[in-house]
Amino acid sequence: MSSRVTLVAVAAEAGVSVGTASRALSGRGDLAPATRRRVLTAARELGYLRDPGLGGRPSRSALLLDLVLGSYHNAYSDEVTAGARSAAAVAGYDLVLTEERDTPDDDWPMRIHRRGSAGVVLGLIAPTAAQLAALTHADIPVVLMDPRAETSRGLTSVQTTDREGGLAAALHLAERGATRFAIVLGSPPYRYGRARNTGFRAGLRLVRPGAELAAVQADWGGASARQAVLPLLRALRPGERLGVFACSDEMAAGVYAAAAATG
């Protein structure tokens, strides 16, 4: 029977002192992000299990839930935050807003660890292996909300009904009498954008097989979508009705702006 992996072994593997390894795993201390990541990677690869009695995560979690987003102060984050805050309050928890910084030394998992949050919701974020390791060692559960890629490393995820929504959009536009169709795709092509595209095309095959479908791309923003759709609107012939499916609400607003600009 193999013996339990010790903190000494983790420190040796990471090339740090035992004290540094202990601080890295417990989320304490002012350590360089690279050092902390090296310790967490060593612990994960060796299969180290931290003894709760040695400190680190409190034995009783704080009544806090973290919502981690890449940015705030936009329509999407406002809606998500309002919903998360209401749900947390019903469950007797307070909601903490954490913004992911696009820098190599961003240590948001350690900040969550130190305040003893009971759980984390990651919105539109693909966590790195090191970030997940930090939360796993702190025994903090994670839920992915609308992950950008199919791979979730076995984590629980909550997603919108992307394919079904795209299919419903196609049926709706056909029922409204559209004679031509267009889809505004988001770039980069995240998971949810690909699913919406697939659903829309499947819906058109059901109700308008052989219908003309133009596909244009935008950067998930309104201004880019406006520019992408303008040529399609200007090319319409008298009597034609163009049904447009935009893969996000911001791009849909850009389509409206293009329609207004072309009368």
# chains A, B, ... in the order shown; residues from 1 in each chain; ligands from 1

call {"tool": "residues_around", "arguments": {"residues": "Tyr48 in chain A", "least_positions_apart": "2", "cutoff": "10 Å", "atoms": "only C-alpha atoms", "output": "PyMOL selection string"}}
result
chain A and resi 4-7+9-10+40+42-46+50-51+137

call {"tool": "closest_residue", "arguments": {"among": "A:Arg234, A:Arg114, A:Arg176, A:Arg148", "to": "Ala260 in chain A", "atoms": "only C-alpha atoms"}}
result
A:Arg234

call {"tool": "select_by_dssp", "arguments": {"residues": "range 69-167 of chain A", "states": "alpha helix (DSSP H)", "output": "PyMOL selection string"}}
result
chain A and resi 75-90+108-115+129-137+162-167

call {"tool": "atom_distance", "arguments": {"atom1": "CA of Ala261 in chain A", "atom2": "CA of Leu233 in chain A"}}
result
9.6 Å

call {"tool": "closest_residue", "arguments": {"among": "A:Thr156, A:Ala169, A:Ala258, A:Asn74", "to": "Leu230 in chain A", "atoms": "only C-alpha atoms"}}
result
A:Ala258

call {"tool": "residues_around", "arguments": {"residues": "Leu95 in chain A", "least_positions_apart": "5", "cutoff": "12 Å", "atoms": "only C-alpha atoms", "output": "list in words"}}
result
Ala62, Leu63, Leu64, Leu65, Asp66, Leu67, Val68, Val80, Thr81, Ala82, Gly83, Ala84, Arg85, Ser86, Ala87, Ala88, Ala89, Val90, Ile112, Ser117, Ala118, Gly119, Val120 and Val121 of chain A

call {"tool": "residues_around", "arguments": {"residues": "Ala34 in chain A", "least_positions_apart": "2", "cutoff": "12 Å", "atoms": "only C-alpha atoms", "output": "ChimeraX atom specification"}}
result
/A:14,16,24,30-32,36-41,104-107,130-131

call {"tool": "write_last_selection", "arguments": {"atoms": "N, CA, C and O atoms", "output": "JSON list (two decimals), in the first residue's frame"}}
result
[["chain", "number", "residue", "atom", "x", "y", "z"],
["A", 14, "ALA", "N", 8.39, 20.97, -5.95],
["A", 14, "ALA", "CA", 8.24, 22.35, -6.44],
["A", 14, "ALA", "C", 9.51, 23.16, -6.30],
["A", 14, "ALA", "O", 9.60, 24.27, -6.83],
["A", 16, "VAL", "N", 10.76, 24.40, -3.39],
["A", 16, "VAL", "CA", 10.57, 25.49, -2.42],
["A", 16, "VAL", "C", 10.70, 24.92, -1.02],
["A", 16, "VAL", "O", 10.79, 23.70, -0.83],
["A", 24, "ALA", "N", 1.42, 28.39, 0.19],
["A", 24, "ALA", "CA", 0.81, 28.33, -1.14],
["A", 24, "ALA", "C", -0.48, 27.51, -1.13],
["A", 24, "ALA", "O", -1.48, 27.88, -1.74],
["A", 30, "ASP", "N", 2.35, 36.32, 1.02],
["A", 30, "ASP", "CA", 2.55, 37.15, -0.17],
["A", 30, "ASP", "C", 3.56, 36.44, -1.06],
["A", 30, "ASP", "O", 4.76, 36.72, -1.06],
["A", 31, "LEU", "N", 3.07, 35.50, -1.85],
["A", 31, "LEU", "CA", 3.93, 34.70, -2.72],
["A", 31, "LEU", "C", 3.79, 35.16, -4.17],
["A", 31, "LEU", "O", 2.75, 35.64, -4.59],
["A", 32, "ALA", "N", 4.86, 34.97, -4.93],
["A", 32, "ALA", "CA", 4.79, 35.24, -6.36],
["A", 32, "ALA", "C", 3.80, 34.26, -7.00],
["A", 32, "ALA", "O", 3.80, 33.07, -6.66],
["A", 36, "ARG", "N", 3.35, 30.09, -6.43],
["A", 36, "ARG", "CA", 2.12, 29.45, -5.97],
["A", 36, "ARG", "C", 1.63, 28.42, -6.98],
["A", 36, "ARG", "O", 1.22, 27.31, -6.63],
["A", 37, "ARG", "N", 1.68, 28.78, -8.27],
["A", 37, "ARG", "CA", 1.24, 27.84, -9.30],
["A", 37, "ARG", "C", 2.13, 26.60, -9.32],
["A", 37, "ARG", "O", 1.63, 25.48, -9.53],
["A", 38, "ARG", "N", 3.43, 26.78, -9.12],
["A", 38, "ARG", "CA", 4.36, 25.64, -9.14],
["A", 38, "ARG", "C", 4.05, 24.67, -8.01],
["A", 38, "ARG", "O", 4.07, 23.44, -8.19],
["A", 39, "VAL", "N", 3.74, 25.21, -6.83],
["A", 39, "VAL", "CA", 3.40, 24.36, -5.69],
["A", 39, "VAL", "C", 2.09, 23.62, -5.95],
["A", 39, "VAL", "O", 1.97, 22.42, -5.68],
["A", 40, "LEU", "N", 1.09, 24.34, -6.45],
["A", 40, "LEU", "CA", -0.21, 23.72, -6.70],
["A", 40, "LEU", "C", -0.10, 22.62, -7.77],
["A", 40, "LEU", "O", -0.73, 21.57, -7.66],
["A", 41, "THR", "N", 0.72, 22.88, -8.79],
["A", 41, "THR", "CA", 0.92, 21.86, -9.83],
["A", 41, "THR", "C", 1.60, 20.63, -9.25],
["A", 41, "THR", "O", 1.20, 19.49, -9.54],
["A", 104, "PRO", "N", -1.10, 37.60, -16.22],
["A", 104, "PRO", "CA", -0.58, 36.30, -15.77],
["A", 104, "PRO", "C", -0.57, 36.15, -14.24],
["A", 104, "PRO", "O", -0.60, 35.03, -13.74],
["A", 105, "ASP", "N", -0.50, 37.26, -13.52],
["A", 105, "ASP", "CA", -0.38, 37.16, -12.06],
["A", 105, "ASP", "C", -1.74, 37.30, -11.34],
["A", 105, "ASP", "O", -1.76, 37.51, -10.14],
["A", 106, "ASP", "N", -2.84, 37.17, -12.08],
["A", 106, "ASP", "CA", -4.15, 37.27, -11.44],
["A", 106, "ASP", "C", -4.36, 36.07, -10.53],
["A", 106, "ASP", "O", -4.33, 34.93, -10.97],
["A", 107, "ASP", "N", -4.57, 36.33, -9.24],
["A", 107, "ASP", "CA", -4.68, 35.24, -8.26],
["A", 107, "ASP", "C", -6.08, 35.18, -7.65],
["A", 107, "ASP", "O", -6.23, 34.90, -6.47],
["A", 130, "ALA", "N", -4.23, 25.39, -13.22],
["A", 130, "ALA", "CA", -3.70, 25.88, -11.95],
["A", 130, "ALA", "C", -4.80, 26.54, -11.12],
["A", 130, "ALA", "O", -4.85, 26.39, -9.89],
["A", 131, "GLN", "N", -5.67, 27.30, -11.77],
["A", 131, "GLN", "CA", -6.76, 27.96, -11.05],
["A", 131, "GLN", "C", -7.71, 26.92, -10.45],
["A", 131, "GLN", "O", -8.14, 27.04, -9.30]]

call {"tool": "atom_distance", "arguments": {"atom1": "CA of Glu100 in chain A", "atom2": "CA of Ser77 in chain A"}}
result
12.9 Å

call {"tool": "closest_residue", "arguments": {"among": "A:Thr179, A:Ser248, A:Ser187, A:Thr161", "to": "Val207 in chain A", "atoms": "only C-alpha atoms"}}
result
A:Thr179

call {"tool": "residues_around", "arguments": {"residues": "Leu232 in chain A", "least_positions_apart": "2", "cutoff": "12 Å", "atoms": "only C-alpha atoms", "output": "ChimeraX atom specification"}}
result
/A:180-184,213-216,225-230,234-237,240-244,255,258-259,262

call {"tool": "write_last_selection", "arguments": {"atoms": "N, CA and C atoms", "output": "CSV table (one decimal), in the first residue's frame"}}
result
chain,number,residue,atom,x,y,z
A,180,ARG,N,-35.8,35.7,-47.5
A,180,ARG,CA,-34.4,35.4,-47.4
A,180,ARG,C,-33.9,35.5,-46.0
A,181,PHE,N,-32.8,34.8,-45.7
A,181,PHE,CA,-32.3,34.7,-44.3
A,181,PHE,C,-30.9,35.0,-44.2
A,182,ALA,N,-30.5,35.5,-43.0
A,182,ALA,CA,-29.1,35.8,-42.7
A,182,ALA,C,-28.8,35.5,-41.3
A,183,ILE,N,-27.6,35.1,-41.0
A,183,ILE,CA,-27.2,34.8,-39.6
A,183,ILE,C,-25.9,35.6,-39.3
A,184,VAL,N,-25.9,36.3,-38.2
A,184,VAL,CA,-24.8,37.1,-37.8
A,184,VAL,C,-24.0,36.2,-36.7
A,213,LEU,N,-29.4,31.5,-47.5
A,213,LEU,CA,-28.9,31.9,-46.2
A,213,LEU,C,-27.5,32.6,-46.3
A,214,ALA,N,-27.4,33.8,-45.9
A,214,ALA,CA,-26.1,34.5,-45.9
A,214,ALA,C,-25.6,34.5,-44.5
A,215,ALA,N,-24.3,34.2,-44.4
A,215,ALA,CA,-23.7,34.2,-43.0
A,215,ALA,C,-22.6,35.3,-43.0
A,216,VAL,N,-22.7,36.2,-42.0
A,216,VAL,CA,-21.7,37.2,-41.8
A,216,VAL,C,-21.1,37.1,-40.4
A,225,ALA,N,-21.5,44.3,-36.0
A,225,ALA,CA,-22.7,43.6,-36.6
A,225,ALA,C,-23.4,44.6,-37.6
A,226,ARG,N,-23.4,45.9,-37.2
A,226,ARG,CA,-24.0,46.9,-38.1
A,226,ARG,C,-23.3,46.9,-39.4
A,227,GLN,N,-22.0,47.0,-39.4
A,227,GLN,CA,-21.2,47.0,-40.6
A,227,GLN,C,-21.4,45.8,-41.4
A,228,ALA,N,-21.5,44.6,-40.7
A,228,ALA,CA,-21.6,43.3,-41.5
A,228,ALA,C,-22.9,43.2,-42.2
A,229,VAL,N,-24.0,43.7,-41.6
A,229,VAL,CA,-25.3,43.5,-42.2
A,229,VAL,C,-25.7,44.6,-43.2
A,230,LEU,N,-25.0,45.7,-43.2
A,230,LEU,CA,-25.4,46.8,-44.1
A,230,LEU,C,-25.4,46.4,-45.6
A,234,ARG,N,-28.8,46.6,-48.1
A,234,ARG,CA,-28.7,47.4,-49.3
A,234,ARG,C,-28.9,46.6,-50.6
A,235,ALA,N,-28.7,45.3,-50.5
A,235,ALA,CA,-28.8,44.5,-51.7
A,235,ALA,C,-30.2,43.9,-51.9
A,236,LEU,N,-31.1,44.2,-50.9
A,236,LEU,CA,-32.5,43.7,-51.0
A,236,LEU,C,-33.2,44.2,-52.2
A,237,ARG,N,-34.0,43.4,-52.8
A,237,ARG,CA,-34.8,43.8,-54.0
A,237,ARG,C,-36.2,44.1,-53.5
A,240,GLU,N,-38.7,41.7,-51.2
A,240,GLU,CA,-38.0,40.7,-50.4
A,240,GLU,C,-38.1,41.1,-49.0
A,241,ARG,N,-38.1,40.1,-48.1
A,241,ARG,CA,-38.1,40.3,-46.7
A,241,ARG,C,-37.0,39.4,-46.1
A,242,LEU,N,-36.1,40.1,-45.5
A,242,LEU,CA,-34.9,39.5,-44.9
A,242,LEU,C,-35.1,39.2,-43.4
A,243,GLY,N,-35.0,37.9,-43.1
A,243,GLY,CA,-35.0,37.5,-41.7
A,243,GLY,C,-33.6,37.3,-41.1
A,244,VAL,N,-33.3,38.1,-40.1
A,244,VAL,CA,-31.9,38.0,-39.6
A,244,VAL,C,-31.9,37.4,-38.2
A,255,VAL,N,-27.9,45.1,-35.8
A,255,VAL,CA,-28.8,44.8,-36.9
A,255,VAL,C,-29.9,45.9,-37.0
A,258,ALA,N,-28.4,49.0,-38.4
A,258,ALA,CA,-28.2,48.9,-39.8
A,258,ALA,C,-29.6,49.1,-40.6
A,259,ALA,N,-30.6,48.5,-40.0
A,259,ALA,CA,-31.9,48.7,-40.7
A,259,ALA,C,-32.4,50.1,-40.7
A,262,THR,N,-30.5,52.2,-43.3
A,262,THR,CA,-30.9,51.9,-44.7
A,262,THR,C,-32.4,52.2,-45.0

call {"tool": "closest_residue", "arguments": {"among": "A:Ala257, A:Ala246, A:Ile125, A:Leu97", "to": "Leu173 in chain A", "atoms": "only C-alpha atoms"}}
result
A:Ala246

call {"tool": "closest_residue", "arguments": {"among": "A:Leu135, A:Ala170, A:Ala178, A:Pro231", "to": "Leu206 in chain A", "atoms": "only C-alpha atoms"}}
result
A:Ala170

call {"tool": "closest_residue", "arguments": {"among": "A:Ala12, A:Ala253, A:Leu25, A:Leu124", "to": "Asp139 in chain A", "atoms": "only C-alpha atoms"}}
result
A:Leu25

call {"tool": "select_by_dssp", "arguments": {"residues": "range 9-186 of chain A", "states": "strand (DSSP E)", "output": "MDAnalysis selection string"}}
result
chainID A and resid 64:69 94:99 119:123 142:145 156:158 180:186
